[in-house]
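So this one's final_26.txt, compact mmCIF, C-alpha atoms:
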# COMPACT_ATOMS: atom_id res chain seq x y z
CA MET A 28 39.12 0.22 41.08
CA MET A 29 36.57 -1.51 43.30
CA ILE A 30 34.84 1.75 44.14
CA ASN A 31 34.57 2.59 40.44
CA ASP A 32 33.00 -0.77 39.62
CA ASP A 33 30.66 -0.44 42.58
CA GLN A 34 29.80 3.09 41.62
CA GLU A 35 28.96 2.09 38.07
CA ARG A 36 26.83 -0.78 39.31
CA PHE A 37 25.23 1.47 41.90
CA HIS A 38 24.16 3.99 39.25
CA ILE A 39 22.47 1.28 37.23
CA LEU A 40 20.70 -0.16 40.27
CA LEU A 41 19.90 3.35 41.49
CA MET A 42 17.52 3.89 38.58
CA GLY A 43 15.80 0.59 39.26
CA ALA A 44 15.48 1.48 42.92
CA VAL A 45 14.08 4.94 42.19
CA ASP A 46 11.58 3.46 39.72
CA ASP A 47 10.86 0.43 41.88
CA GLU A 48 11.90 -1.98 39.15
CA LEU A 49 14.49 -4.07 40.97
CA ASP A 50 14.04 -7.77 41.57
CA ALA A 51 14.75 -9.35 44.96
CA ASP A 52 18.44 -10.05 44.29
CA GLU A 53 19.06 -6.59 42.89
CA ARG A 54 17.34 -5.04 45.91
CA LYS A 55 19.69 -6.93 48.21
CA GLU A 56 22.69 -5.85 46.15
CA PHE A 57 21.49 -2.26 46.21
CA ALA A 58 20.99 -2.36 50.00
CA ARG A 59 24.50 -3.77 50.40
CA LEU A 60 25.98 -0.93 48.36
CA LEU A 61 24.05 1.67 50.36
CA ALA A 62 25.32 0.17 53.59
CA GLN A 63 28.87 -0.01 52.29
CA TYR A 64 29.09 3.54 50.92
CA PRO A 65 27.26 6.18 52.98
CA GLY A 66 27.75 8.73 50.18
CA PHE A 67 25.39 6.71 48.01
CA VAL A 68 22.51 7.32 50.42
CA LYS A 69 22.46 11.04 49.64
CA GLU A 70 22.60 10.35 45.93
CA PHE A 71 19.69 7.94 46.28
CA GLU A 72 17.67 10.62 48.13
CA ASP A 73 18.55 13.23 45.47
CA TYR A 74 17.32 11.02 42.63
CA LYS A 75 14.17 10.11 44.52
CA ARG A 76 13.40 13.81 44.87
CA LEU A 77 14.17 14.39 41.20
CA LYS A 78 11.80 11.59 40.24
CA GLU A 79 9.08 13.11 42.44
CA ALA A 80 9.56 16.46 40.71
CA THR A 81 9.31 15.03 37.19
CA LYS A 82 6.47 12.72 38.16
CA ALA A 83 4.51 15.72 39.44
CA MET A 84 4.47 17.20 35.95
CA ARG A 85 1.08 17.18 34.35
CA PHE A 86 -0.11 18.68 31.11
CA LYS A 87 -3.29 20.63 31.08
CA ASN A 88 -6.15 18.69 29.64
CA PRO A 89 -7.08 19.77 26.13
CA PRO A 90 -10.72 20.68 25.43
CA ALA A 91 -12.99 17.66 25.90
CA GLU A 92 -14.24 18.02 22.31
CA LEU A 93 -10.81 16.95 21.13
CA TRP A 94 -11.41 13.40 22.35
CA ASP A 95 -14.90 13.33 20.86
CA SER A 96 -13.62 14.21 17.42
CA TYR A 97 -10.21 12.54 17.60
CA TRP A 98 -11.15 9.21 16.01
CA LEU A 99 -13.52 10.86 13.56
CA ASN A 100 -10.66 13.01 12.27
CA ILE A 101 -8.43 10.00 11.81
CA TYR A 102 -11.23 8.09 10.12
CA ASN A 103 -11.91 10.97 7.76
CA ARG A 104 -8.24 11.45 6.97
CA LEU A 105 -7.87 7.75 6.23
CA GLU A 106 -10.89 7.80 3.96
CA ARG A 107 -9.92 11.03 2.23
CA GLY A 108 -6.36 9.80 1.78
CA PHE A 109 -7.62 7.02 -0.46
CA GLY A 110 -9.95 9.46 -2.19
CA TRP A 111 -7.07 11.83 -2.97
CA ILE A 112 -4.95 8.99 -4.31
CA LEU A 113 -7.73 7.93 -6.68
CA LEU A 114 -8.45 11.51 -7.70
CA SER A 115 -4.78 12.27 -8.36
CA LEU A 116 -4.31 9.07 -10.30
CA GLY A 117 -7.36 9.78 -12.47
CA SER A 118 -6.28 13.38 -13.05
CA ILE A 119 -2.75 12.39 -14.07
CA ILE A 120 -4.03 9.78 -16.52
CA LEU A 121 -6.59 12.13 -18.08
CA LEU A 122 -4.30 15.16 -18.23
CA THR A 123 -1.48 13.14 -19.77
CA PHE A 124 -3.86 11.71 -22.34
CA ALA A 125 -5.30 15.16 -23.11
CA GLY A 126 -1.80 16.65 -23.37
CA VAL A 127 -0.61 13.99 -25.80
CA GLU A 128 -3.75 14.31 -27.91
CA PHE A 129 -3.47 18.09 -27.96
CA PHE A 130 0.20 17.91 -28.92
CA ARG A 131 -0.50 15.43 -31.72
CA ALA A 132 -3.43 17.45 -33.04
CA LEU A 133 -1.33 20.60 -33.03
CA VAL A 134 1.71 19.05 -34.71
CA PHE A 135 -0.22 17.16 -37.36
CA ASP A 136 -2.79 19.86 -38.14
CA SER A 137 -1.67 21.04 -41.55
CA SER A 138 -4.30 23.78 -41.70
CA LEU A 139 -2.57 25.72 -38.91
CA PRO A 140 0.24 28.07 -40.05
CA VAL A 141 3.68 27.28 -38.52
CA VAL A 142 3.78 30.73 -36.89
CA VAL A 143 0.60 29.96 -34.95
CA LYS A 144 2.00 26.59 -33.88
CA ILE A 145 5.21 28.27 -32.64
CA GLY A 146 3.11 30.88 -30.86
CA ILE A 147 1.06 28.20 -29.09
CA PHE A 148 4.18 26.26 -28.04
CA CYS A 149 5.77 29.47 -26.69
CA LEU A 150 2.58 30.30 -24.82
CA ILE A 151 2.34 26.86 -23.25
CA GLY A 152 6.08 26.80 -22.51
CA GLY A 153 5.93 30.25 -20.90
CA LEU A 154 2.94 29.30 -18.76
CA ALA A 155 4.66 26.10 -17.64
CA VAL A 156 7.87 27.95 -16.67
CA LEU A 157 5.89 30.62 -14.76
CA LEU A 158 3.79 28.02 -13.00
CA VAL A 159 6.78 25.97 -11.91
CA SER A 160 8.61 29.11 -10.79
CA VAL A 161 5.67 30.38 -8.70
CA VAL A 162 5.04 26.96 -7.15
CA ARG A 163 8.73 26.60 -6.29
CA GLU A 164 8.88 30.08 -4.78
CA ARG A 165 5.77 29.42 -2.65
CA TRP A 166 7.25 26.13 -1.55
CA PHE A 167 10.53 27.72 -0.40
CA VAL A 168 8.67 30.53 1.38
CA TYR A 169 6.48 27.98 3.14
CA LYS A 170 9.48 25.90 4.20
CA SER A 171 11.37 28.86 5.64
CA ASP A 172 8.55 31.06 6.94
CA PRO A 173 9.13 31.52 10.67
CA TYR A 174 5.60 32.83 11.16
CA LYS A 175 3.69 30.13 9.32
CA GLU A 176 2.24 28.73 12.54
CA ILE A 177 0.97 32.07 13.73
CA LYS A 178 -2.75 32.35 13.18
CA ARG A 179 -3.51 35.59 11.43
CA MET B 27 -7.06 -3.14 -4.69
CA GLU B 28 -8.58 -4.77 -1.62
CA LEU B 29 -7.95 -1.55 0.26
CA ILE B 30 -9.71 0.52 -2.40
CA LEU B 31 -12.70 -1.83 -2.49
CA ASP B 32 -12.88 -1.74 1.29
CA THR B 33 -12.84 2.06 1.21
CA ILE B 34 -15.57 2.22 -1.41
CA GLU B 35 -17.65 -0.29 0.54
CA THR B 36 -17.19 1.69 3.73
CA VAL B 37 -18.18 4.92 2.06
CA ILE B 38 -21.33 3.63 0.38
CA LYS B 39 -22.56 0.94 2.75
CA PRO B 40 -24.93 2.36 5.38
CA GLY B 41 -24.01 1.62 8.98
CA LEU B 42 -20.34 1.21 8.17
CA GLY B 43 -19.09 4.56 9.35
CA PRO B 44 -16.64 5.68 11.97
CA GLU B 45 -18.43 3.64 14.65
CA ILE B 46 -16.09 1.71 16.86
CA LEU B 47 -16.16 -2.00 17.48
CA HIS B 48 -15.37 -3.28 20.93
CA PHE B 49 -12.96 -6.06 21.76
CA LYS B 50 -11.86 -7.78 24.89
CA ASP B 51 -8.18 -7.17 24.12
CA ASP B 52 -5.81 -5.44 21.71
CA GLN B 53 -4.81 -8.60 19.88
CA GLU B 54 -8.30 -9.25 18.60
CA ALA B 55 -8.66 -5.63 17.47
CA ILE B 56 -5.26 -5.78 15.77
CA LEU B 57 -6.21 -8.97 13.95
CA GLN B 58 -9.37 -7.33 12.63
CA SER B 59 -7.46 -4.17 11.72
CA GLN B 60 -4.99 -6.28 9.76
CA ARG B 61 -7.95 -7.47 7.71
CA GLY B 62 -8.64 -3.84 6.85
CA ASN B 63 -11.38 -3.26 9.41
CA ARG B 64 -11.16 0.40 10.33
CA GLN B 65 -13.79 0.22 13.04
CA ALA B 66 -11.59 -2.30 14.82
CA PHE B 67 -8.68 0.11 14.55
CA GLY B 68 -10.93 2.74 16.13
CA PHE B 69 -10.91 0.64 19.28
CA LEU B 70 -7.12 0.96 19.47
CA VAL B 71 -7.23 4.69 18.71
CA LYS B 72 -9.78 5.30 21.47
CA LYS B 73 -7.77 3.27 23.90
CA TYR B 74 -4.43 4.96 23.26
CA MET B 75 -5.29 8.44 21.96
CA GLN B 76 -4.74 10.26 25.25
CA ARG B 77 -1.45 8.56 25.91
CA ALA B 78 -0.38 9.29 22.35
CA TYR B 79 -1.37 12.94 22.55
CA TYR B 80 0.37 13.60 25.87
CA THR B 81 3.52 11.80 24.75
CA ALA B 82 3.64 13.87 21.57
CA LEU B 83 2.97 17.01 23.60
CA GLY B 84 5.90 16.17 25.83
CA LEU B 85 8.14 15.74 22.81
CA VAL B 86 7.10 18.65 20.59
CA GLY B 87 5.61 21.05 23.10
CA SER B 88 2.64 22.41 21.20
CA HIS B 89 -0.99 21.34 21.40
CA ASP B 90 -1.76 21.63 17.70
CA SER B 91 1.34 19.75 16.65
CA ALA B 92 0.72 17.06 19.26
CA VAL B 93 -2.81 16.48 17.95
CA ASP B 94 -1.70 16.47 14.36
CA LEU B 95 1.35 14.26 14.84
CA SER B 96 -0.39 11.73 17.08
CA GLN B 97 -3.23 11.43 14.56
CA GLU B 98 -0.82 11.14 11.65
CA ALA B 99 1.02 8.40 13.53
CA PHE B 100 -2.25 6.49 13.95
CA ILE B 101 -2.93 6.85 10.23
CA ARG B 102 0.54 5.49 9.41
CA ALA B 103 0.10 2.74 11.96
CA PHE B 104 -3.12 1.65 10.27
CA ARG B 105 -1.47 1.67 6.86
CA SER B 106 1.31 -0.60 8.08
CA ILE B 107 -0.66 -2.62 10.61
CA LYS B 108 -0.05 -5.77 8.58
CA LYS B 109 3.61 -5.57 9.58
CA PHE B 110 2.69 -5.65 13.26
CA GLN B 111 3.80 -8.87 14.91
CA ALA B 112 1.18 -10.63 16.96
CA GLY B 113 1.85 -10.74 20.68
CA LYS B 114 3.80 -7.48 20.76
CA ASN B 115 2.69 -4.39 22.63
CA PHE B 116 0.67 -2.12 20.32
CA PHE B 117 1.56 1.15 22.02
CA THR B 118 5.30 0.61 21.93
CA TRP B 119 5.06 -0.27 18.23
CA TYR B 120 2.87 2.79 17.58
CA TYR B 121 5.21 4.94 19.66
CA ARG B 122 8.12 4.18 17.33
CA ILE B 123 6.14 5.71 14.47
CA LEU B 124 5.14 8.66 16.62
CA ARG B 125 8.66 9.43 17.84
CA ASN B 126 10.00 9.44 14.28
CA LEU B 127 7.33 11.92 13.26
CA CYS B 128 7.97 14.07 16.32
CA PHE B 129 11.72 14.15 15.86
CA ASN B 130 11.36 14.99 12.17
CA HIS B 131 8.93 17.74 13.12
CA LEU B 132 11.36 19.11 15.70
CA ARG B 133 14.21 19.07 13.22
CA ASP B 134 12.09 20.93 10.67
CA ARG B 135 11.25 23.60 13.20
CA ALA B 136 14.58 23.70 14.96
CA ARG B 137 15.82 26.77 13.16
CA HIS B 138 13.06 29.16 14.08
CA ALA B 139 10.78 27.76 16.77
CA ARG B 140 10.79 27.56 20.52
CA PRO B 141 8.12 24.90 20.84
CA PHE B 142 8.92 23.37 24.18
CA SER B 143 8.86 26.62 26.07
CA GLU B 144 5.23 27.15 25.00
CA ILE B 145 4.18 24.37 27.30
CA ARG B 146 5.27 25.96 30.48
CA GLU B 147 2.67 28.66 30.67
CA GLU B 148 -0.05 27.35 28.42
CA GLU B 149 -0.27 23.64 28.82
CA LEU B 150 1.50 22.71 31.98
CA GLU B 151 -0.69 22.19 34.97
CA SER B 152 0.42 21.60 38.49
CA ILE B 153 -1.18 18.60 40.15
CA THR B 154 -1.27 20.74 43.25
CA ASP B 155 -3.56 23.28 41.59
CA SER B 156 -6.49 21.66 43.30
CA ASP B 157 -4.85 21.79 46.73
CA GLY B 158 -6.20 25.23 47.38
CA ALA B 159 -3.10 26.26 49.27
CA THR B 160 -1.90 29.25 47.35
CA GLY B 161 1.59 29.27 48.76
CA ALA B 162 2.12 25.64 47.95
CA VAL B 163 0.80 26.12 44.42
CA ILE B 164 3.09 29.02 43.73
CA GLU B 165 6.05 27.20 45.18
CA ARG B 166 5.26 24.05 43.24
CA ASN B 167 4.64 26.00 40.06
CA GLU B 168 7.99 27.68 40.41
CA THR B 169 9.60 24.29 40.93
CA GLN B 170 7.78 22.90 37.92
CA ARG B 171 8.75 25.87 35.82
CA LEU B 172 12.38 25.19 36.65
CA VAL B 173 12.03 21.48 35.98
CA TRP B 174 10.53 22.27 32.57
CA GLU B 175 13.25 24.73 31.80
CA ALA B 176 15.79 22.05 32.64
CA LEU B 177 13.91 19.42 30.63
CA GLU B 178 13.72 21.75 27.67
CA SER B 179 17.46 22.17 27.61
CA LEU B 180 18.14 18.43 27.57
CA LYS B 181 18.93 16.52 24.41
CA GLU B 182 15.82 15.15 22.66
CA GLN B 183 16.65 11.56 23.55
CA GLU B 184 17.29 12.42 27.19
CA ARG B 185 14.01 14.29 27.47
CA GLU B 186 12.23 11.45 25.72
CA ILE B 187 13.31 8.72 28.10
CA ILE B 188 12.35 10.81 31.14
CA ILE B 189 8.92 11.53 29.64
CA LEU B 190 8.37 7.85 28.85
CA LYS B 191 9.32 6.75 32.32
CA ASP B 192 8.07 9.48 34.60
CA MET B 193 5.10 10.89 32.72
CA GLN B 194 3.92 7.97 30.61
CA ASP B 195 4.74 5.37 33.24
CA LEU B 196 6.19 2.91 30.77
CA SER B 197 8.02 0.01 32.37
CA TYR B 198 11.69 -0.64 31.62
CA LYS B 199 10.61 -3.61 29.53
CA GLU B 200 8.31 -1.43 27.41
CA ILE B 201 10.97 1.25 26.97
CA ALA B 202 13.46 -1.45 25.99
CA GLU B 203 10.99 -2.62 23.35
CA VAL B 204 10.63 0.93 22.01
CA PHE B 205 14.37 1.45 21.72
CA ASP B 206 15.03 -2.15 20.77
CA CYS B 207 17.72 -2.52 23.42
CA PRO B 208 18.28 -4.50 26.63
CA VAL B 209 16.73 -3.35 29.93
CA GLY B 210 20.22 -2.64 31.29
CA THR B 211 20.76 -0.10 28.52
CA VAL B 212 17.48 1.58 29.41
CA MET B 213 18.63 1.93 33.03
CA SER B 214 21.95 3.29 31.92
CA ARG B 215 20.36 5.80 29.48
CA LEU B 216 17.89 6.84 32.13
CA PHE B 217 20.71 7.49 34.55
CA THR B 218 22.54 9.63 32.00
CA ALA B 219 19.34 11.59 31.28
CA ARG B 220 18.49 12.12 34.94
CA GLN B 221 22.06 13.02 35.74
CA ALA B 222 21.93 15.70 33.05
CA LEU B 223 18.56 16.92 34.33
CA LYS B 224 19.87 17.06 37.89
CA ALA B 225 22.91 19.04 36.80
CA LYS B 226 20.74 21.52 34.85
CA LEU B 227 18.42 21.91 37.81
CA GLU B 228 21.27 22.52 40.20
CA ARG B 229 22.55 25.19 37.85
CA LEU B 230 19.11 26.79 37.61
CA TYR B 231 18.60 26.74 41.38
CA SER B 232 21.96 28.28 42.03
Render the structure in this file as structure tokens.
Amino acid sequence: MMINDDQERFHILLMGAVDDELDADERKEFARLLAQYPGFVKEFEDYKRLKEATKAMRFKNPPAELWDSYWLNIYNRLERGFGWILLSLGSIILLTFAGVEFFRALVFDSSLPVVVKIGIFCLIGGLAVLLVSVVRERWFVYKSDPYKEIKR
Amino acid sequence: MELILDTIETVIKPGLGPEILHFKDDQEAILQSQRGNRQAFGFLVKKYMQRAYYTALGLVGSHDSAVDLSQEAFIRAFRSIKKFQAGKNFFTWYYRILRNLCFNHLRDRARHARPFSEIREEELESITDSDGATGAVIERNETQRLVWEALESLKEQEREIIILKDMQDLSYKEIAEVFDCPVGTVMSRLFTARQALKAKLERLYS
């Protein structure tokens, strides 16, 4: 039971020792455990080596131009984000207004024969269905395309 | 509305472009950013962009995604900078946004991508490359290749904590802030992650 408690405590302190993040009391406790259980010394050495191996990892530096343009890209994206919101908002308002006006003009225009009105509604309805269908298809293809990140 | 007016002012007013203001510390820059000053936010971006990029690279494993996700995280950070509590560490707060984006990205690509393995050949560099000793470089590269292979096979959260500690040099306190947990939990999670890494490496070596 004691060894299990000590082992659990040792594993917690072990990380602090490997990363040099133990305070004075913990260091003493860790040293006591090392002295008490010789098997822990090997484990300590193993984890120190593991830490050295992971610490030695370095990523290659990206092209220097990346850092020159990094903030500029963020700045532009921030600015354009607001621009797109305004543009979309304006477009929705205007298109909705135009749609309602068009619909009203069509319905209340008594000079247009009913057949023509039906024809126009079918045409608009058909275009809307086709548009939605194509957009949806493209969306699903984009979401499941395994090669979308390959530059052609 | 204030945001829109600020944007319009920034766009039309000469001299108010993507120039960066300089501050003596993060807190001052954050305070200005919270007032909508984008040039002040530029100071924070410049200061943390490399750390952000390399952390994202470690998590998602591709240069393009790391650039895109780290920049997107900065954009989201700016948009919610008013929620940032004064006195806290900016990077750990930013990192929470970044890790969510990275994990979502990984989940989206999980079915058909092998992102992490791209790093090994293309973006991983041995620190011993400059040693000039060919034998040592090859040996170290082989070791690093194995370490990466082992890292790649870890769970996302295990890989993450090792990257934060060993590659990003975050202290236990900073990691605890990121995960919103006590330091003891960080040590325990780190042990679990390193134990898993050690086991994978032993398997690879054998």
**OP:** Output as a ChimeraX atom specification the set of chain A residues within 8 Å of chain B, with distances taken over all atoms listed in the file.
**Re:** /A:38-40,42-43,48,74,77-78,80-89,94,97-102,104-106,109,173
Subject >> Atom-to-atom span, CA of Phe167 (chain A) and CA of Gln183 (chain B), Å >> reply: 29.5 Å
Original post:
Of the candidates B:Leu180, B:Lys50, B:Phe116, B:Ser59, which shows the shortest atom-to-atom distance to Ala78 (chain B), using only C-alpha atoms?
Top reply: B:Phe116
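Atom pair CA of Phe37 (chain A) / CA of Glu70 (chain A) has a distance of 10.1 Å (rounded to one decimal).
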**OP:** For Val204 (chain B), list every protein, DNA or RNA residue within 12 Å, evaluated using all atoms listed in the file, and leave out those in the same chain fewer than 2 positions away; present the list as a count of residues only.
**Re:** 29
Build an axis-aligned box that encloses every atom of region 141-157 of chain A listed in the file, pad it by 8 Å on each side, and report its centre and edge lengths in Å to one decimal, as lines of an AutoDock Vina configuration file.
center_x = 4.2
center_y = 28.5
center_z = -26.6
size_x = 23.3
size_y = 20.8
size_z = 39.8
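Note that CA of Gly62 (chain B) and CA of Ala112 (chain B) are 15.6 Å apart.
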**OP:** For Leu230 (chain B), work out the shell of residues within 8 Å, counting all atoms listed in the file and skipping chain neighbours fewer than 4 positions away, then give it as a list in words.
**Re:** Leu172, Ala176 and Lys226 of chain B
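Closest approach to Ala225 (chain B) from the set A:Pro65, A:Asp33, A:Asp73, A:Glu56 is made by A:Asp73, with distances taken over only C-alpha atoms.
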